[in-house]
>>> print(open('final.txt').read())   # compact mmCIF, C-alpha atoms and all ligand atoms
# COMPACT_ATOMS: atom_id res chain seq x y z
CA MET E 1 9.79 -3.85 1.35
CA GLY E 2 6.95 -3.15 3.74
CA GLY E 3 3.32 -4.12 3.95
CA LEU E 4 0.11 -2.46 4.96
CA THR E 5 -1.91 -2.66 8.18
CA VAL E 6 -5.44 -1.42 8.83
CA GLU E 7 -6.73 -1.89 12.38
CA GLY E 8 -10.21 -1.14 13.68
CA ILE E 9 -11.03 1.67 11.24
CA SER E 10 -14.55 3.12 11.45
CA HIS E 11 -16.05 6.14 9.70
CA ASP E 12 -19.47 7.77 9.62
CA TRP E 13 -20.75 10.09 6.89
CA GLY E 14 -23.40 11.90 8.93
CA ALA E 15 -25.77 9.20 10.15
CA ARG E 16 -24.40 6.67 7.68
CA ARG E 17 -21.73 4.21 8.87
CA ALA E 18 -19.39 3.81 5.88
CA LEU E 19 -16.72 1.74 7.68
CA ASP E 20 -17.38 -0.37 10.72
CA GLY E 21 -14.28 -1.72 12.49
CA VAL E 22 -12.32 -2.65 9.36
CA SER E 23 -9.11 -4.60 10.04
CA PHE E 24 -6.77 -6.47 7.73
CA SER E 25 -3.13 -6.50 6.81
CA VAL E 26 -1.26 -7.18 3.59
CA GLU E 27 2.13 -8.85 3.69
CA PRO E 28 5.01 -7.21 1.80
CA GLY E 29 5.07 -8.02 -1.90
CA ARG E 30 1.50 -9.30 -2.03
CA PHE E 31 -1.29 -8.39 -4.45
CA CYS E 32 -4.40 -7.84 -2.34
CA ALA E 33 -7.78 -7.29 -3.95
CA LEU E 34 -10.24 -5.23 -1.92
CA LEU E 35 -13.47 -6.52 -3.42
CA GLY E 36 -16.82 -4.92 -2.69
CA PRO E 37 -19.98 -3.81 -4.47
CA ASN E 38 -20.82 -0.12 -4.95
CA GLY E 39 -21.13 1.63 -1.62
CA ALA E 40 -19.09 -1.01 0.27
CA GLY E 41 -16.77 1.68 1.63
CA LYS E 42 -13.74 1.17 -0.62
CA SER E 43 -13.30 4.84 -1.55
CA THR E 44 -13.82 5.94 2.03
CA LEU E 45 -11.07 3.55 3.11
CA PHE E 46 -8.80 4.83 0.32
CA GLY E 47 -9.38 8.39 1.52
CA MET E 48 -8.08 7.34 4.91
CA LEU E 49 -5.17 5.33 3.60
CA SER E 50 -4.03 8.30 1.51
CA ARG E 51 -4.65 10.73 4.40
CA LEU E 52 -7.32 12.79 2.64
CA PHE E 53 -9.05 12.48 5.97
CA THR E 54 -8.16 11.00 9.34
CA PRO E 55 -10.01 8.17 11.05
CA ARG E 56 -11.30 8.92 14.53
CA THR E 57 -10.73 5.36 15.66
CA GLY E 58 -8.23 2.71 14.65
CA ARG E 59 -4.80 2.71 13.12
CA ILE E 60 -3.16 2.58 9.69
CA ALA E 61 0.48 1.68 9.07
CA ILE E 62 2.35 1.78 5.75
CA ALA E 63 5.61 -0.17 5.57
CA GLY E 64 5.75 -0.15 9.37
CA HIS E 65 5.12 3.60 9.71
CA ASP E 66 2.08 4.69 11.67
CA MET E 67 -0.02 7.14 9.63
CA ALA E 68 -0.99 9.27 12.66
CA ARG E 69 2.43 9.44 14.32
CA GLU E 70 4.74 9.41 11.28
CA PRO E 71 2.60 10.65 8.38
CA ARG E 72 5.51 11.84 6.25
CA ALA E 73 7.37 8.54 6.50
CA ALA E 74 4.15 6.60 5.82
CA LEU E 75 3.15 8.73 2.80
CA ALA E 76 6.68 8.66 1.35
CA ARG E 77 6.43 4.88 1.07
CA MET E 78 3.07 4.88 -0.65
CA GLY E 79 1.96 5.46 -4.26
CA VAL E 80 -1.70 6.17 -5.03
CA VAL E 81 -3.73 5.89 -8.23
CA PHE E 82 -7.07 7.59 -7.64
CA GLN E 83 -10.25 6.78 -9.54
CA ALA E 84 -10.40 10.12 -11.31
CA SER E 85 -7.71 10.80 -13.88
CA THR E 86 -5.27 13.55 -12.89
CA LEU E 87 -2.87 14.24 -15.72
CA ASP E 88 -2.13 17.17 -17.96
CA PRO E 89 -3.45 16.35 -21.45
CA ASP E 90 -1.31 19.00 -23.16
CA LEU E 91 2.01 17.62 -21.91
CA THR E 92 3.80 14.58 -23.26
CA VAL E 93 3.76 11.37 -21.26
CA LYS E 94 7.32 11.95 -20.08
CA ARG E 95 6.72 15.62 -19.20
CA ASN E 96 3.75 14.57 -17.07
CA LEU E 97 6.03 12.23 -15.16
CA LEU E 98 8.86 14.77 -14.85
CA TYR E 99 6.41 17.32 -13.47
CA PHE E 100 5.31 14.84 -10.82
CA ALA E 101 8.94 13.91 -10.08
CA ALA E 102 9.67 17.59 -9.44
CA LEU E 103 6.88 17.62 -6.84
CA HIS E 104 8.87 14.91 -5.07
CA GLY E 105 12.06 16.98 -5.24
CA LEU E 106 13.54 14.99 -8.14
CA SER E 107 15.03 16.69 -11.17
CA GLY E 108 17.65 16.39 -13.92
CA ARG E 109 19.10 13.05 -14.88
CA GLU E 110 17.72 11.25 -11.82
CA ALA E 111 14.14 12.28 -12.65
CA GLU E 112 14.66 11.35 -16.30
CA THR E 113 16.08 7.92 -15.44
CA ARG E 114 13.26 7.17 -13.02
CA ALA E 115 10.58 8.35 -15.45
CA MET E 116 11.87 6.13 -18.24
CA ALA E 117 12.32 3.14 -15.88
CA ALA E 118 8.75 3.52 -14.58
CA LEU E 119 7.34 3.77 -18.13
CA GLU E 120 9.36 0.69 -19.08
CA ARG E 121 7.82 -1.30 -16.21
CA LEU E 122 4.33 -0.51 -17.51
CA GLY E 123 5.20 -1.21 -21.15
CA MET E 124 4.86 2.51 -22.00
CA ALA E 125 8.44 3.53 -22.85
CA GLU E 126 7.77 3.90 -26.59
CA ARG E 127 4.98 6.40 -25.85
CA ALA E 128 7.14 8.74 -23.75
CA GLY E 129 7.05 11.49 -26.40
CA GLU E 130 3.31 11.35 -27.13
CA LYS E 131 0.89 13.94 -25.84
CA ALA E 132 -1.18 12.52 -22.97
CA ALA E 133 -4.36 13.68 -24.74
CA LYS E 134 -3.64 11.23 -27.57
CA LEU E 135 -3.48 8.15 -25.34
CA ASN E 136 -6.40 5.79 -25.03
CA GLY E 137 -7.93 5.18 -21.59
CA GLY E 138 -5.84 2.08 -20.87
CA HIS E 139 -2.55 3.76 -21.72
CA ARG E 140 -3.51 6.81 -19.67
CA ARG E 141 -4.08 4.58 -16.67
CA ARG E 142 -0.74 2.84 -17.20
CA MET E 143 0.92 6.23 -17.31
CA GLU E 144 -0.72 7.15 -14.00
CA ILE E 145 0.53 3.92 -12.46
CA ALA E 146 4.06 4.64 -13.77
CA ARG E 147 3.80 8.11 -12.24
CA ALA E 148 2.79 6.64 -8.86
CA LEU E 149 6.02 4.58 -8.87
CA LEU E 150 8.46 7.48 -9.41
CA HIS E 151 9.29 7.99 -5.74
CA ARG E 152 9.86 4.20 -5.36
CA PRO E 153 7.02 3.43 -2.97
CA GLU E 154 6.81 0.10 -1.17
CA VAL E 155 3.00 0.07 -1.17
CA LEU E 156 0.77 0.93 -4.15
CA LEU E 157 -2.94 1.74 -3.71
CA LEU E 158 -5.28 1.70 -6.71
CA ASP E 159 -8.95 2.69 -6.42
CA GLU E 160 -10.93 0.87 -9.13
CA PRO E 161 -8.20 1.53 -11.71
CA THR E 162 -9.98 -0.23 -14.58
CA VAL E 163 -13.28 1.68 -14.47
CA GLY E 164 -14.40 2.57 -17.99
CA LEU E 165 -11.78 0.46 -19.78
CA ASP E 166 -12.42 -2.26 -22.36
CA ALA E 167 -11.68 -5.92 -21.62
CA ALA E 168 -8.24 -5.97 -23.29
CA SER E 169 -7.03 -2.85 -21.44
CA ARG E 170 -8.38 -4.20 -18.16
CA ALA E 171 -6.52 -7.48 -18.63
CA ALA E 172 -3.29 -5.66 -19.57
CA ILE E 173 -3.37 -3.38 -16.53
CA THR E 174 -4.36 -6.16 -14.15
CA GLY E 175 -1.43 -8.19 -15.52
CA HIS E 176 1.07 -5.33 -15.22
CA VAL E 177 0.14 -4.66 -11.60
CA HIS E 178 0.36 -8.36 -10.71
CA ASP E 179 3.88 -8.28 -12.21
CA LEU E 180 4.78 -5.31 -9.99
CA ALA E 181 3.66 -7.32 -6.95
CA SER E 182 5.77 -10.29 -8.01
CA GLN E 183 8.74 -7.88 -8.15
CA GLY E 184 8.15 -7.04 -4.45
CA LEU E 185 5.64 -4.18 -4.42
CA THR E 186 2.74 -4.46 -1.95
CA VAL E 187 -0.52 -3.77 -3.82
CA LEU E 188 -4.01 -2.89 -2.62
CA TRP E 189 -6.37 -3.01 -5.60
CA ALA E 190 -9.97 -1.93 -4.99
CA THR E 191 -12.52 -3.37 -7.39
CA HIS E 192 -16.07 -4.61 -7.72
CA LEU E 193 -15.08 -6.99 -10.55
CA VAL E 194 -14.47 -10.58 -9.49
CA ASP E 195 -12.65 -11.44 -12.74
CA GLU E 196 -9.74 -9.16 -11.77
CA VAL E 197 -8.93 -11.41 -8.82
CA ARG E 198 -6.56 -14.39 -9.24
CA ALA E 199 -6.79 -17.53 -7.10
CA THR E 200 -3.35 -16.86 -5.58
CA ASP E 201 -4.16 -13.23 -4.65
CA ARG E 202 -4.89 -12.10 -1.16
CA LEU E 203 -8.57 -11.16 -0.99
CA VAL E 204 -10.50 -8.91 1.39
CA VAL E 205 -14.26 -8.78 0.77
CA LEU E 206 -15.83 -5.53 2.01
CA HIS E 207 -19.58 -5.03 2.21
CA ARG E 208 -21.52 -2.24 3.92
CA GLY E 209 -18.37 -1.14 5.72
CA ARG E 210 -17.46 -4.57 7.11
CA VAL E 211 -14.90 -7.22 6.18
CA LEU E 212 -16.86 -10.37 5.28
CA ALA E 213 -13.94 -12.53 4.18
CA ASP E 214 -10.16 -12.28 4.35
CA GLY E 215 -7.66 -14.81 3.02
CA GLU E 216 -6.33 -16.33 -0.18
CA ALA E 217 -8.84 -15.82 -3.02
CA GLY E 218 -8.74 -19.50 -4.07
CA ALA E 219 -9.52 -20.63 -0.54
CA ILE E 220 -12.42 -18.16 -0.18
CA GLY E 221 -13.97 -18.69 -3.61
CA GLY E 222 -13.27 -22.37 -4.27
CA ASP E 223 -13.95 -22.98 -7.96
CA ASN E 224 -16.50 -20.15 -8.26
CA LEU E 225 -15.52 -16.85 -6.66
CA THR E 226 -18.40 -15.01 -8.36
CA ALA E 227 -21.00 -17.28 -6.73
CA ARG E 228 -19.24 -17.03 -3.36
CA PHE E 229 -19.02 -13.23 -3.61
CA LEU E 230 -22.72 -12.94 -4.47
CA ALA E 231 -23.63 -15.29 -1.63
CA LEU E 232 -21.50 -13.33 0.84
CA THR E 233 -22.87 -9.92 -0.14
CA GLY E 234 -26.44 -11.09 -0.77
CA GLU E 235 -26.38 -9.45 -4.22
CA ARG E 236 -28.22 -10.89 -7.20
CA THR E 237 -26.89 -11.08 -10.75
N1 LIG R 1 -18.51 12.38 0.89
C1 LIG R 1 -19.52 11.61 1.30
N2 LIG R 1 -20.56 12.13 1.98
C2 LIG R 1 -21.58 11.37 2.42
N3 LIG R 1 -21.67 10.03 2.23
C3 LIG R 1 -20.67 9.45 1.55
C4 LIG R 1 -19.54 10.20 1.06
N4 LIG R 1 -18.71 9.34 0.43
C5 LIG R 1 -19.29 8.11 0.53
N5 LIG R 1 -20.45 8.17 1.20
C6 LIG R 1 -21.33 7.03 1.54
O1 LIG R 1 -20.54 6.07 2.24
C7 LIG R 1 -20.83 4.74 1.79
C8 LIG R 1 -19.56 4.10 1.23
O2 LIG R 1 -19.22 4.75 0.00
P1 LIG R 1 -17.82 4.56 -0.76
O3 LIG R 1 -17.80 5.54 -1.87
O4 LIG R 1 -16.72 4.57 0.23
O5 LIG R 1 -18.01 3.09 -1.32
P2 LIG R 1 -17.30 2.37 -2.54
O6 LIG R 1 -17.14 0.96 -2.12
O7 LIG R 1 -16.08 3.12 -2.91
O8 LIG R 1 -18.37 2.47 -3.67
P3 LIG R 1 -18.20 2.87 -5.22
O9 LIG R 1 -17.70 1.64 -5.88
O10 LIG R 1 -19.60 3.23 -5.60
O11 LIG R 1 -17.24 4.03 -5.27
C9 LIG R 1 -21.94 4.88 0.77
O12 LIG R 1 -23.16 4.64 1.44
C10 LIG R 1 -21.84 6.30 0.29
O13 LIG R 1 -23.11 6.79 -0.10
>>> encode(input="final.txt", output="structure tokens", more="lines below")
Ligand SMILES: Nc1ncnc2c1ncn2[C@@H]1O[C@H](COP(=O)(O)OP(=O)(O)OP(=O)(O)O)[C@@H](O)[C@H]1O
Amino acid sequence: MGGLTVEGISHDWGARRALDGVSFSVEPGRFCALLGPNGAGKSTLFGMLSRLFTPRTGRIAIAGHDMAREPRAALARMGVVFQASTLDPDLTVKRNLLYFAALHGLSGREAETRAMAALERLGMAERAGEKAAKLNGGHRRRMEIARALLHRPEVLLLDEPTVGLDAASRAAITGHVHDLASQGLTVLWATHLVDEVRATDRLVVLHRGRVLADGEAGAIGGDNLTARFLALTGERT
């Protein structure tokens, strides 16, 4: 299993500097929270990690594959869950996954086996035959995470995956994705919610396009990560 490396990434939106020399790396099989308030640059960084656009400076590597020199190899090892939901509400949960599997060149029994295994990992197997439109927000998100695992990526990126969900759904999804990391998947989880971060997680604090802290969450936050985060970013409650 491979990790993730970001080195010296900068990006300007017009006159606005959204990312300013961002560097960090995530070891294989680690859950890393990318924590930052609104406007920190998380989505801009995700756009670069998923190759929606290319950074002018710096370097990104996924599981040891350089995004600029070996984009296909890098993208093949990465799963992405974007902020906006992208599923077909009229198809069943399983059909949604099979459709996505086909986009990756998988079909027949192999696609079926992978779809059911991925749903199983997210605790969604019993909903395979339900229409996606009938799922609640939390289950929809879990389905999207299952879908992002179909091509067996080594690195999973999630951009604020719990936005709009209630507390129970948030806790369930945060728990499931921590489990995936403990099974060997490298996870980058963007959030502005301190309570989604565990003391043993890797933590990168991003603010106004810069990395303000990088290390184990427990070491950065001590016994009060919220207070530390607010002090670092200068935000008030
Ligand atoms: N397409 C764009 N065009 C112009 N400016 C942009 C664009 N996308 C983001 N920005 C600006 O870049 C900065 C970083 O925004 P970004 O969306 O990356 O932050 P974020 O941490 O993901 O915030 P949020 O949690 O609100 O999504 C902000 O100042 C934002 O206004």
>>> axis_aligned_box(input="final.txt", around="ligand LIG 1 (chain R)", padding_each_side="8 Å", output="AutoDock Vina command-line options")
--center_x -19.6 --center_y 6.7 --center_z -1.7 --size_x 23.1 --size_y 27.4 --size_z 24.3
>>> residues_around(input="final.txt", residues="Gly64 (chain E)", least_positions_apart="6", cutoff="8 Å", atoms="all atoms listed in the file", output="mmCIF file with C-alpha atoms, in the coordinates of the input")
data_model
loop_
_atom_site.group_PDB
_atom_site.id
_atom_site.type_symbol
_atom_site.label_atom_id
_atom_site.label_comp_id
_atom_site.auth_asym_id
_atom_site.auth_seq_id
_atom_site.Cartn_x
_atom_site.Cartn_y
_atom_site.Cartn_z
ATOM 1 C CA GLY E 2 6.950 -3.150 3.740
ATOM 2 C CA GLY E 3 3.320 -4.120 3.950
ATOM 3 C CA LEU E 4 0.110 -2.460 4.960
ATOM 4 C CA ALA E 74 4.150 6.600 5.820
#
>>> residues_near_ligand(input="final.txt", ligand="ligand LIG 1 (chain R)", cutoff="9 Å", atoms="only C-alpha atoms and all ligand atoms", output="tab-separated table (two decimals) with C-alpha atoms, keeping the file's coordinate frame")
chain	number	residue	atom	x	y	z
E	11	HIS	CA	-16.05	6.14	9.70
E	12	ASP	CA	-19.47	7.77	9.62
E	13	TRP	CA	-20.75	10.09	6.89
E	14	GLY	CA	-23.40	11.90	8.93
E	15	ALA	CA	-25.77	9.20	10.15
E	16	ARG	CA	-24.40	6.67	7.68
E	17	ARG	CA	-21.73	4.21	8.87
E	18	ALA	CA	-19.39	3.81	5.88
E	19	LEU	CA	-16.72	1.74	7.68
E	35	LEU	CA	-13.47	-6.52	-3.42
E	36	GLY	CA	-16.82	-4.92	-2.69
E	37	PRO	CA	-19.98	-3.81	-4.47
E	38	ASN	CA	-20.82	-0.12	-4.95
E	39	GLY	CA	-21.13	1.63	-1.62
E	40	ALA	CA	-19.09	-1.01	0.27
E	41	GLY	CA	-16.77	1.68	1.63
E	42	LYS	CA	-13.74	1.17	-0.62
E	43	SER	CA	-13.30	4.84	-1.55
E	44	THR	CA	-13.82	5.94	2.03
E	45	LEU	CA	-11.07	3.55	3.11
E	46	PHE	CA	-8.80	4.83	0.32
E	47	GLY	CA	-9.38	8.39	1.52
E	83	GLN	CA	-10.25	6.78	-9.54
E	159	ASP	CA	-8.95	2.69	-6.42
E	160	GLU	CA	-10.93	0.87	-9.13
E	190	ALA	CA	-9.97	-1.93	-4.99
E	191	THR	CA	-12.52	-3.37	-7.39
E	192	HIS	CA	-16.07	-4.61	-7.72
E	206	LEU	CA	-15.83	-5.53	2.01
E	207	HIS	CA	-19.58	-5.03	2.21
E	208	ARG	CA	-21.52	-2.24	3.92
E	209	GLY	CA	-18.37	-1.14	5.72
>>> closest_atom_pairs(input="final.txt", of="region 98-183 of chain E", to="region 76-79 of chain E", cutoff="8 Å", atoms="all atoms listed in the file", output="JSON lines")
{"residue": "E:Ala148", "atom": "CA", "partner": "E:Gly79", "partner_atom": "CA", "distance": 4.8}
{"residue": "E:Leu149", "atom": "CA", "partner": "E:Gly79", "partner_atom": "CA", "distance": 6.2}
{"residue": "E:His151", "atom": "CA", "partner": "E:Ala76", "partner_atom": "CA", "distance": 7.6}
{"residue": "E:Arg152", "atom": "CA", "partner": "E:Arg77", "partner_atom": "CA", "distance": 7.3}
{"residue": "E:Pro153", "atom": "CA", "partner": "E:Arg77", "partner_atom": "CA", "distance": 4.3}
{"residue": "E:Glu154", "atom": "CA", "partner": "E:Arg77", "partner_atom": "CA", "distance": 5.3}
{"residue": "E:Val155", "atom": "CA", "partner": "E:Met78", "partner_atom": "CA", "distance": 4.8}
{"residue": "E:Leu156", "atom": "CA", "partner": "E:Gly79", "partner_atom": "CA", "distance": 4.7}
{"residue": "E:Leu157", "atom": "CA", "partner": "E:Gly79", "partner_atom": "CA", "distance": 6.2}
>>> closest_residue(input="final.txt", among="E:Ala146, E:Leu106, E:Leu75, E:Met48", to="Ala125 (chain E)", atoms="all atoms listed in the file")
E:Ala146
>>> atom_distance(input="final.txt", atom1="CA of Glu196 (chain E)", atom2="CA of Ala171 (chain E)")
7.8 Å
>>> residues_around(input="final.txt", residues="Leu225 (chain E)", least_positions_apart="6", cutoff="9 Å", atoms="all atoms listed in the file", output="list in words")
Val194, Asp195, Val197, Ala199, Ala217 and Gly218 of chain E
>>> atom_distance(input="final.txt", atom1="CA of Gly21 (chain E)", atom2="CA of His178 (chain E)")
28.2 Å
>>> residues_around(input="final.txt", residues="region 231-235 of chain E", least_positions_apart="3", cutoff="8 Å", atoms="all atoms listed in the file", output="ChimeraX atom specification")
/E:207,212,227-228
>>> closest_residue(input="final.txt", among="E:Ser182, E:Thr57, E:Ser169, E:Thr162", to="Val81 (chain E)", atoms="all atoms listed in the file")
E:Thr162
>>> atom_distance(input="final.txt", atom1="CA of Pro28 (chain E)", atom2="CA of Ile62 (chain E)")
10.2 Å
>>> residues_around(input="final.txt", residues="Ser25 (chain E)", least_positions_apart="2", cutoff="7 Å", atoms="only C-alpha atoms", output="MDAnalysis selection string")
chainID E and resid 4:6 27
>>> closest_residue(input="final.txt", among="E:Ala168, E:Leu158, E:Val163, E:Leu87", to="Arg140 (chain E)", atoms="all atoms listed in the file")
E:Leu87
>>> decode(input="final.txt", residues="region 97-129 of chain E", atoms="N, CA and C atoms", output="PDB file, in the first residue's frame")
ATOM      1  N   LEU E  97     -23.203   1.177  -8.380  1.00  0.00           N
ATOM      2  CA  LEU E  97     -21.826   0.704  -8.254  1.00  0.00           C
ATOM      3  C   LEU E  97     -21.377  -0.034  -9.518  1.00  0.00           C
ATOM      4  N   LEU E  98     -22.278  -0.838 -10.089  1.00  0.00           N
ATOM      5  CA  LEU E  98     -21.907  -1.599 -11.290  1.00  0.00           C
ATOM      6  C   LEU E  98     -21.629  -0.654 -12.460  1.00  0.00           C
ATOM      7  N   TYR E  99     -22.410   0.422 -12.519  1.00  0.00           N
ATOM      8  CA  TYR E  99     -22.196   1.417 -13.572  1.00  0.00           C
ATOM      9  C   TYR E  99     -20.792   2.010 -13.444  1.00  0.00           C
ATOM     10  N   PHE E 100     -20.428   2.353 -12.229  1.00  0.00           N
ATOM     11  CA  PHE E 100     -19.113   2.936 -11.974  1.00  0.00           C
ATOM     12  C   PHE E 100     -18.013   1.907 -12.255  1.00  0.00           C
ATOM     13  N   ALA E 101     -18.267   0.650 -11.893  1.00  0.00           N
ATOM     14  CA  ALA E 101     -17.285  -0.413 -12.154  1.00  0.00           C
ATOM     15  C   ALA E 101     -17.033  -0.528 -13.662  1.00  0.00           C
ATOM     16  N   ALA E 102     -18.112  -0.401 -14.434  1.00  0.00           N
ATOM     17  CA  ALA E 102     -17.971  -0.491 -15.898  1.00  0.00           C
ATOM     18  C   ALA E 102     -17.063   0.625 -16.423  1.00  0.00           C
ATOM     19  N   LEU E 103     -17.152   1.803 -15.792  1.00  0.00           N
ATOM     20  CA  LEU E 103     -16.276   2.909 -16.214  1.00  0.00           C
ATOM     21  C   LEU E 103     -14.811   2.560 -15.985  1.00  0.00           C
ATOM     22  N   HIS E 104     -14.565   1.657 -15.041  1.00  0.00           N
ATOM     23  CA  HIS E 104     -13.199   1.209 -14.765  1.00  0.00           C
ATOM     24  C   HIS E 104     -12.867  -0.071 -15.529  1.00  0.00           C
ATOM     25  N   GLY E 105     -13.727  -0.458 -16.475  1.00  0.00           N
ATOM     26  CA  GLY E 105     -13.449  -1.640 -17.284  1.00  0.00           C
ATOM     27  C   GLY E 105     -13.776  -2.948 -16.591  1.00  0.00           C
ATOM     28  N   LEU E 106     -14.583  -2.888 -15.517  1.00  0.00           N
ATOM     29  CA  LEU E 106     -14.945  -4.112 -14.788  1.00  0.00           C
ATOM     30  C   LEU E 106     -16.375  -4.487 -15.121  1.00  0.00           C
ATOM     31  N   SER E 107     -16.608  -5.776 -15.350  1.00  0.00           N
ATOM     32  CA  SER E 107     -17.985  -6.192 -15.626  1.00  0.00           C
ATOM     33  C   SER E 107     -18.202  -7.614 -15.121  1.00  0.00           C
ATOM     34  N   GLY E 108     -19.431  -8.116 -15.299  1.00  0.00           N
ATOM     35  CA  GLY E 108     -19.742  -9.505 -14.972  1.00  0.00           C
ATOM     36  C   GLY E 108     -19.541  -9.832 -13.501  1.00  0.00           C
ATOM     37  N   ARG E 109     -19.103 -11.060 -13.272  1.00  0.00           N
ATOM     38  CA  ARG E 109     -18.992 -11.549 -11.903  1.00  0.00           C
ATOM     39  C   ARG E 109     -17.989 -10.750 -11.074  1.00  0.00           C
ATOM     40  N   GLU E 110     -16.889 -10.329 -11.728  1.00  0.00           N
ATOM     41  CA  GLU E 110     -15.857  -9.570 -11.003  1.00  0.00           C
ATOM     42  C   GLU E 110     -16.444  -8.249 -10.462  1.00  0.00           C
ATOM     43  N   ALA E 111     -17.191  -7.546 -11.314  1.00  0.00           N
ATOM     44  CA  ALA E 111     -17.800  -6.283 -10.896  1.00  0.00           C
ATOM     45  C   ALA E 111     -18.788  -6.533  -9.757  1.00  0.00           C
ATOM     46  N   GLU E 112     -19.579  -7.558  -9.907  1.00  0.00           N
ATOM     47  CA  GLU E 112     -20.588  -7.930  -8.909  1.00  0.00           C
ATOM     48  C   GLU E 112     -19.930  -8.239  -7.553  1.00  0.00           C
ATOM     49  N   THR E 113     -18.878  -9.038  -7.599  1.00  0.00           N
ATOM     50  CA  THR E 113     -18.174  -9.424  -6.365  1.00  0.00           C
ATOM     51  C   THR E 113     -17.594  -8.190  -5.680  1.00  0.00           C
ATOM     52  N   ARG E 114     -16.964  -7.332  -6.486  1.00  0.00           N
ATOM     53  CA  ARG E 114     -16.348  -6.137  -5.903  1.00  0.00           C
ATOM     54  C   ARG E 114     -17.406  -5.197  -5.334  1.00  0.00           C
ATOM     55  N   ALA E 115     -18.520  -5.053  -6.055  1.00  0.00           N
ATOM     56  CA  ALA E 115     -19.579  -4.145  -5.583  1.00  0.00           C
ATOM     57  C   ALA E 115     -20.106  -4.628  -4.238  1.00  0.00           C
ATOM     58  N   MET E 116     -20.376  -5.918  -4.122  1.00  0.00           N
ATOM     59  CA  MET E 116     -20.923  -6.434  -2.870  1.00  0.00           C
ATOM     60  C   MET E 116     -19.887  -6.345  -1.746  1.00  0.00           C
ATOM     61  N   ALA E 117     -18.616  -6.603  -2.065  1.00  0.00           N
ATOM     62  CA  ALA E 117     -17.564  -6.526  -1.042  1.00  0.00           C
ATOM     63  C   ALA E 117     -17.424  -5.082  -0.536  1.00  0.00           C
ATOM     64  N   ALA E 118     -17.488  -4.129  -1.462  1.00  0.00           N
ATOM     65  CA  ALA E 118     -17.338  -2.721  -1.065  1.00  0.00           C
ATOM     66  C   ALA E 118     -18.524  -2.286  -0.205  1.00  0.00           C
ATOM     67  N   LEU E 119     -19.736  -2.709  -0.577  1.00  0.00           N
ATOM     68  CA  LEU E 119     -20.924  -2.358   0.216  1.00  0.00           C
ATOM     69  C   LEU E 119     -20.824  -2.980   1.613  1.00  0.00           C
ATOM     70  N   GLU E 120     -20.340  -4.207   1.653  1.00  0.00           N
ATOM     71  CA  GLU E 120     -20.131  -4.909   2.932  1.00  0.00           C
ATOM     72  C   GLU E 120     -19.207  -4.101   3.844  1.00  0.00           C
ATOM     73  N   ARG E 121     -18.117  -3.597   3.288  1.00  0.00           N
ATOM     74  CA  ARG E 121     -17.141  -2.854   4.099  1.00  0.00           C
ATOM     75  C   ARG E 121     -17.749  -1.600   4.720  1.00  0.00           C
ATOM     76  N   LEU E 122     -18.752  -1.037   4.055  1.00  0.00           N
ATOM     77  CA  LEU E 122     -19.386   0.179   4.568  1.00  0.00           C
ATOM     78  C   LEU E 122     -20.683  -0.129   5.306  1.00  0.00           C
ATOM     79  N   GLY E 123     -20.956  -1.400   5.561  1.00  0.00           N
ATOM     80  CA  GLY E 123     -22.179  -1.771   6.272  1.00  0.00           C
ATOM     81  C   GLY E 123     -23.432  -1.487   5.457  1.00  0.00           C
ATOM     82  N   MET E 124     -23.348  -1.628   4.120  1.00  0.00           N
ATOM     83  CA  MET E 124     -24.456  -1.258   3.232  1.00  0.00           C
ATOM     84  C   MET E 124     -24.971  -2.438   2.398  1.00  0.00           C
ATOM     85  N   ALA E 125     -24.476  -3.650   2.682  1.00  0.00           N
ATOM     86  CA  ALA E 125     -24.809  -4.793   1.818  1.00  0.00           C
ATOM     87  C   ALA E 125     -26.316  -5.034   1.766  1.00  0.00           C
ATOM     88  N   GLU E 126     -27.002  -4.876   2.883  1.00  0.00           N
ATOM     89  CA  GLU E 126     -28.444  -5.182   2.904  1.00  0.00           C
ATOM     90  C   GLU E 126     -29.276  -4.146   2.144  1.00  0.00           C
ATOM     91  N   ARG E 127     -28.642  -3.053   1.722  1.00  0.00           N
ATOM     92  CA  ARG E 127     -29.369  -2.027   0.963  1.00  0.00           C
ATOM     93  C   ARG E 127     -29.078  -2.088  -0.532  1.00  0.00           C
ATOM     94  N   ALA E 128     -28.366  -3.124  -0.966  1.00  0.00           N
ATOM     95  CA  ALA E 128     -27.925  -3.214  -2.363  1.00  0.00           C
ATOM     96  C   ALA E 128     -29.071  -3.073  -3.363  1.00  0.00           C
ATOM     97  N   GLY E 129     -30.267  -3.572  -3.008  1.00  0.00           N
ATOM     98  CA  GLY E 129     -31.375  -3.560  -3.955  1.00  0.00           C
ATOM     99  C   GLY E 129     -32.275  -2.339  -3.858  1.00  0.00           C
TER     100      GLY E 129
END
